[in-house]
Amino acid sequence: MIESFREAFGRALVELGGENPNIVVLDADVKSSTKTAYFERAFPERFIQVGISEQDMVSMAGGLAIGGKIPVVSAFAAFLMRAWEQIRNTIARDNLNVKLVPTHSGFSDHMDGSSHQCLEDIALMRVLPNMTVVVPADAPSVPVLLRQVVELEGPVYMRLGRDHAPRVYDSPKLELGKASVLRKGSDVLLVAAGVMVSVALETARKLEERGISAGVIDMHTIKPLDEETLLKLASKAELVVTLEEHSIHGGLGGAVAEVLSEKMPKRLIRIGTTEFGRSSRDYFALLERYGLTAESVVKKVEVMLT
């Protein structure tokens with residue numbers, strides 16, 4: 001079943017806003033796209049439309065946090081990166097309770113090309129002290145993790161795609177900082193985040209048909225990384241594969257590589273991107289072009305295991 005990350009986000013915001021009067025939502029002139037418009041309709045007095053001014057939006061959120069509010073900041077992921085200086089100097093450096101929840105990450109804004117496709121944000125956020133980095137796998141995961149993000153004291157970056165969210169969970173029981181083990185295997189460990197979790201599950205099924213046993217982890221919290229679960233399952237596998245709709249430099253693959261190289265040297269394949277994106281009418285065509293399909297991953301695994 002295909003669902004929408006941003007729709008789940010918009011609905012979850014309204015539910016949380018009804019429970020907590022301190023939640024304030026800030027938007028950068030994309031409320032109909034991020035679905036923060038749902039919050040505006042429900043709580044207009046707690047919705048701030050900043051306009052196309054992401055740097056100002058982040059700085060305003062910092063002030064609201066200092067005043068005791070819980071600001072939730074949303075924009076397209078690619079354009080929220082304009083405010084990285086403010087995120088670094090104001091939000092992360094002062095450890096402020098600001099929740100950055102952009103949509104349209106990865107290739108999900110496939111129609112608008114590389115300017116709108118964000119493939120670097122996990123790396124930029126993961127490097128910041130005090131910042132928690134979260135990447136839900138599907139629409140049902142969004143409200144579960146967003147609730148914990150709002151309850152967590154301190155800055156959080158929660159990365160969402162646009163609409164393509166194949167269902168992974170029916171009733172997810174997820175915990176920030178704790179990886180979700182979806183499948184156990186003895187030959188290969190597939191560590192994925194975001195929409196690539198569904199690809200990892202499909203890959204595991206195809207590998208099983210070829211006599212290869214594959215485990216799957218949903219590493220929804222990339223920082224802090226659940227090293228304990230990673231090392232426990234990696235110790236039983238001949239090969240570890242990371243899958244992400246992001247650059248292989250500095251993202252999930254980089255985080256896993258850092259842990260394994262220091263604590264458990266292991267053969268590793270990082271599957272993601274090394275290029276900018278491009279425009280396409282077909283989101284799936286982009287995933288195929290950049291090797292982010294189950295068929296492509298299966299071929300790479302088979303080569304490594306032969």
# chains A, B, ... in the order shown; residues from 1 in each chain; ligands from 1
$ residues_around --residues "Asp170 in chain A" --least-positions-apart "6" --cutoff "10 Å" --atoms "only C-alpha atoms" --output "list in words"
Asp138, Ala139, Pro140 and Ser141 of chain A
$ select_by_dssp --residues "range 163-255 of chain A" --states "alpha helix (DSSP H)" --output "VMD selection string"
chain A and resid 196 to 209 227 to 234 252 to 255
$ write_last_selection --atoms "N, CA, C and O atoms" --output "compact mmCIF listing (two decimals), in the first residue's frame"
# COMPACT_ATOMS: atom_id res chain seq x y z
N MET A 196 13.74 3.51 1.68
CA MET A 196 14.58 2.37 1.30
C MET A 196 14.37 1.17 2.21
O MET A 196 14.84 0.07 1.90
N VAL A 197 13.65 1.33 3.31
CA VAL A 197 13.34 0.17 4.15
C VAL A 197 12.45 -0.80 3.38
O VAL A 197 12.64 -2.01 3.42
N SER A 198 11.47 -0.27 2.65
CA SER A 198 10.61 -1.14 1.85
C SER A 198 11.41 -1.82 0.75
O SER A 198 11.15 -2.99 0.41
N VAL A 199 12.39 -1.11 0.19
CA VAL A 199 13.26 -1.71 -0.83
C VAL A 199 14.11 -2.82 -0.21
O VAL A 199 14.33 -3.88 -0.81
N ALA A 200 14.59 -2.60 1.01
CA ALA A 200 15.39 -3.61 1.70
C ALA A 200 14.58 -4.88 1.94
O ALA A 200 15.09 -6.01 1.78
N LEU A 201 13.31 -4.74 2.33
CA LEU A 201 12.47 -5.91 2.56
C LEU A 201 12.23 -6.67 1.26
O LEU A 201 12.27 -7.91 1.23
N GLU A 202 12.00 -5.95 0.17
CA GLU A 202 11.82 -6.60 -1.12
C GLU A 202 13.11 -7.29 -1.56
O GLU A 202 13.09 -8.41 -2.10
N THR A 203 14.24 -6.64 -1.31
CA THR A 203 15.54 -7.24 -1.63
C THR A 203 15.73 -8.53 -0.86
O THR A 203 16.20 -9.54 -1.42
N ALA A 204 15.40 -8.53 0.41
CA ALA A 204 15.56 -9.73 1.24
C ALA A 204 14.72 -10.88 0.71
O ALA A 204 15.18 -12.05 0.69
N ARG A 205 13.52 -10.59 0.26
CA ARG A 205 12.66 -11.64 -0.29
C ARG A 205 13.26 -12.22 -1.58
O ARG A 205 13.24 -13.44 -1.81
N LYS A 206 13.79 -11.34 -2.42
CA LYS A 206 14.39 -11.81 -3.68
C LYS A 206 15.67 -12.61 -3.41
O LYS A 206 15.96 -13.59 -4.10
N LEU A 207 16.43 -12.19 -2.43
CA LEU A 207 17.65 -12.93 -2.08
C LEU A 207 17.31 -14.31 -1.53
O LEU A 207 18.00 -15.30 -1.82
N GLU A 208 16.23 -14.37 -0.76
CA GLU A 208 15.81 -15.67 -0.21
C GLU A 208 15.49 -16.65 -1.33
O GLU A 208 15.78 -17.85 -1.22
N GLU A 209 14.87 -16.14 -2.40
CA GLU A 209 14.57 -17.00 -3.54
C GLU A 209 15.83 -17.56 -4.20
O GLU A 209 15.78 -18.59 -4.87
N GLU A 227 24.15 1.39 17.92
CA GLU A 227 25.34 0.57 17.66
C GLU A 227 25.18 -0.85 18.19
O GLU A 227 25.67 -1.81 17.57
N GLU A 228 24.51 -1.00 19.30
CA GLU A 228 24.37 -2.32 19.91
C GLU A 228 23.65 -3.29 18.96
O GLU A 228 24.11 -4.41 18.72
N THR A 229 22.51 -2.86 18.42
CA THR A 229 21.76 -3.73 17.50
C THR A 229 22.54 -3.96 16.22
O THR A 229 22.59 -5.08 15.69
N LEU A 230 23.14 -2.90 15.69
CA LEU A 230 23.93 -3.03 14.47
C LEU A 230 25.04 -4.06 14.64
O LEU A 230 25.20 -4.97 13.81
N LEU A 231 25.83 -3.95 15.68
CA LEU A 231 26.96 -4.85 15.89
C LEU A 231 26.50 -6.28 16.16
O LEU A 231 27.13 -7.24 15.70
N LYS A 232 25.43 -6.43 16.89
CA LYS A 232 24.91 -7.77 17.20
C LYS A 232 24.52 -8.51 15.94
O LYS A 232 24.88 -9.68 15.74
N LEU A 233 23.80 -7.84 15.04
CA LEU A 233 23.35 -8.51 13.82
C LEU A 233 24.45 -8.58 12.77
O LEU A 233 24.53 -9.55 12.01
N ALA A 234 25.31 -7.57 12.73
CA ALA A 234 26.42 -7.59 11.76
C ALA A 234 27.39 -8.72 12.06
O ALA A 234 28.01 -9.29 11.15
N LEU A 252 23.60 7.62 6.21
CA LEU A 252 23.48 6.35 6.93
C LEU A 252 24.68 5.44 6.66
O LEU A 252 25.24 4.85 7.58
N GLY A 253 25.07 5.37 5.38
CA GLY A 253 26.22 4.54 5.03
C GLY A 253 27.48 4.97 5.74
O GLY A 253 28.27 4.14 6.21
N GLY A 254 27.69 6.27 5.81
CA GLY A 254 28.86 6.78 6.52
C GLY A 254 28.81 6.47 8.00
O GLY A 254 29.82 6.08 8.60
N ALA A 255 27.63 6.61 8.61
CA ALA A 255 27.48 6.33 10.03
C ALA A 255 27.77 4.87 10.34
O ALA A 255 28.47 4.54 11.31
$ closest_residue --among "A:Arg183, A:Arg11, A:Arg278, A:Lys299" --to "Cys118 in chain A" --atoms "only C-alpha atoms"
A:Arg278
$ closest_residue --among "A:Leu119, A:Leu64, A:Asp187, A:His246" --to "Ile91 in chain A" --atoms "only C-alpha atoms"
A:Leu64
$ atom_distance --atom1 "CA of Thr34 in chain A" --atom2 "CA of Val135 in chain A"
15.9 Å
$ closest_residue --among "A:Val297, A:Ile2, A:Leu286, A:Val73" --to "Ser53 in chain A" --atoms "only C-alpha atoms"
A:Val73
$ select_by_dssp --residues "range 148-283 of chain A" --states "strand (DSSP E)" --output "PyMOL selection string"
chain A and resi 156-158+165-166+180-183+188-192+214-218+221-223+239-247+268-273
$ atom_distance --atom1 "CA of Ile23 in chain A" --atom2 "CA of Glu120 in chain A"
27.9 Å
$ closest_residue --among "A:Arg147, A:Ala75, A:Arg162, A:Arg93" --to "Ser4 in chain A" --atoms "only C-alpha atoms"
A:Arg162
$ closest_residue --among "A:Val259, A:Ala77, A:Val240, A:Leu96" --to "Ser59 in chain A" --atoms "only C-alpha atoms"
A:Leu96
$ closest_residue --among "A:Ile222, A:Ala8, A:Ala28, A:Leu13" --to "Val133 in chain A" --atoms "only C-alpha atoms"
A:Ile222
$ residues_around --residues "Asp163 in chain A" --least-positions-apart "5" --cutoff "7 Å" --atoms "only C-alpha atoms" --output "PyMOL selection string"
chain A and resi 3-6
$ write_last_selection --atoms "N, CA, C and O atoms" --output "mmCIF file, in the first residue's frame"
data_model
loop_
_atom_site.group_PDB
_atom_site.id
_atom_site.type_symbol
_atom_site.label_atom_id
_atom_site.label_comp_id
_atom_site.auth_asym_id
_atom_site.auth_seq_id
_atom_site.Cartn_x
_atom_site.Cartn_y
_atom_site.Cartn_z
ATOM 1 N N GLU A 3 1.312 5.163 0.625
ATOM 2 C CA GLU A 3 0.723 6.251 1.385
ATOM 3 C C GLU A 3 1.613 7.484 1.263
ATOM 4 O O GLU A 3 2.584 7.477 0.515
ATOM 5 N N SER A 4 1.296 8.534 1.997
ATOM 6 C CA SER A 4 1.996 9.807 1.862
ATOM 7 C C SER A 4 2.654 10.215 3.170
ATOM 8 O O SER A 4 1.994 10.302 4.213
ATOM 9 N N PHE A 5 3.952 10.499 3.112
ATOM 10 C CA PHE A 5 4.663 11.001 4.278
ATOM 11 C C PHE A 5 4.076 12.327 4.747
ATOM 12 O O PHE A 5 3.812 12.541 5.933
ATOM 13 N N ARG A 6 3.888 13.251 3.803
ATOM 14 C CA ARG A 6 3.479 14.601 4.196
ATOM 15 C C ARG A 6 2.043 14.635 4.717
ATOM 16 O O ARG A 6 1.721 15.424 5.608
#
$ residues_around --residues "range 16-19 of chain A" --least-positions-apart "2" --cutoff "9 Å" --atoms "only C-alpha atoms" --output "PyMOL selection string"
chain A and resi 11-14+21-24+39+42-43+46+143+146-147+150
$ residues_around --residues "Gly10 in chain A" --least-positions-apart "5" --cutoff "6 Å" --atoms "only C-alpha atoms" --output "list in words"
Lys35, Thr36 and Tyr38 of chain A
$ residues_around --residues "Ser280 in chain A" --least-positions-apart "5" --cutoff "9 Å" --atoms "only C-alpha atoms" --output "PyMOL selection string"
chain A and resi 110-113+285-286
$ write_last_selection --atoms "N, CA and C atoms" --output "tab-separated table (two decimals), in the first residue's frame"
chain	number	residue	atom	x	y	z
A	110	HIS	N	10.48	14.60	-7.59
A	110	HIS	CA	11.13	14.15	-8.83
A	110	HIS	C	10.86	15.07	-10.01
A	111	MET	N	9.73	15.75	-10.02
A	111	MET	CA	9.36	16.58	-11.17
A	111	MET	C	10.23	17.83	-11.29
A	112	ASP	N	10.73	18.34	-10.18
A	112	ASP	CA	11.38	19.64	-10.18
A	112	ASP	C	12.90	19.60	-10.32
A	113	GLY	N	13.46	18.43	-10.40
A	113	GLY	CA	14.89	18.32	-10.71
A	113	GLY	C	15.81	18.51	-9.52
A	285	ALA	N	11.49	5.72	-11.92
A	285	ALA	CA	12.55	5.75	-12.92
A	285	ALA	C	13.82	6.34	-12.34
A	286	LEU	N	13.68	7.33	-11.46
A	286	LEU	CA	14.85	7.91	-10.80
A	286	LEU	C	15.51	6.89	-9.87
$ atom_distance --atom1 "CA of Ile87 in chain A" --atom2 "CA of Ala192 in chain A"
25.9 Å
$ residues_around --residues "Ala123 in chain A" --least-positions-apart "6" --cutoff "8 Å" --atoms "only C-alpha atoms" --output "PyMOL selection string"
chain A and resi 249-251
$ write_last_selection --atoms "all heavy atoms" --output "mmCIF file, in the first residue's frame"
data_model
loop_
_atom_site.group_PDB
_atom_site.id
_atom_site.type_symbol
_atom_site.label_atom_id
_atom_site.label_comp_id
_atom_site.auth_asym_id
_atom_site.auth_seq_id
_atom_site.Cartn_x
_atom_site.Cartn_y
_atom_site.Cartn_z
ATOM 1 N N HIS A 249 27.996 9.592 1.107
ATOM 2 C CA HIS A 249 28.998 10.315 1.893
ATOM 3 C C HIS A 249 28.320 11.034 3.056
ATOM 4 O O HIS A 249 27.597 12.006 2.870
ATOM 5 C CB HIS A 249 29.756 11.310 1.018
ATOM 6 C CG HIS A 249 30.403 10.679 -0.165
ATOM 7 N ND1 HIS A 249 31.381 9.715 -0.068
ATOM 8 C CD2 HIS A 249 30.199 10.865 -1.497
ATOM 9 C CE1 HIS A 249 31.767 9.339 -1.268
ATOM 10 N NE2 HIS A 249 31.060 10.020 -2.164
ATOM 11 N N GLY A 250 28.562 10.571 4.256
ATOM 12 C CA GLY A 250 28.094 11.280 5.437
ATOM 13 C C GLY A 250 26.711 10.921 5.922
ATOM 14 O O GLY A 250 26.294 11.402 6.970
ATOM 15 N N GLY A 251 25.992 10.080 5.196
ATOM 16 C CA GLY A 251 24.648 9.716 5.613
ATOM 17 C C GLY A 251 24.627 8.435 6.425
ATOM 18 O O GLY A 251 25.527 8.163 7.223
#
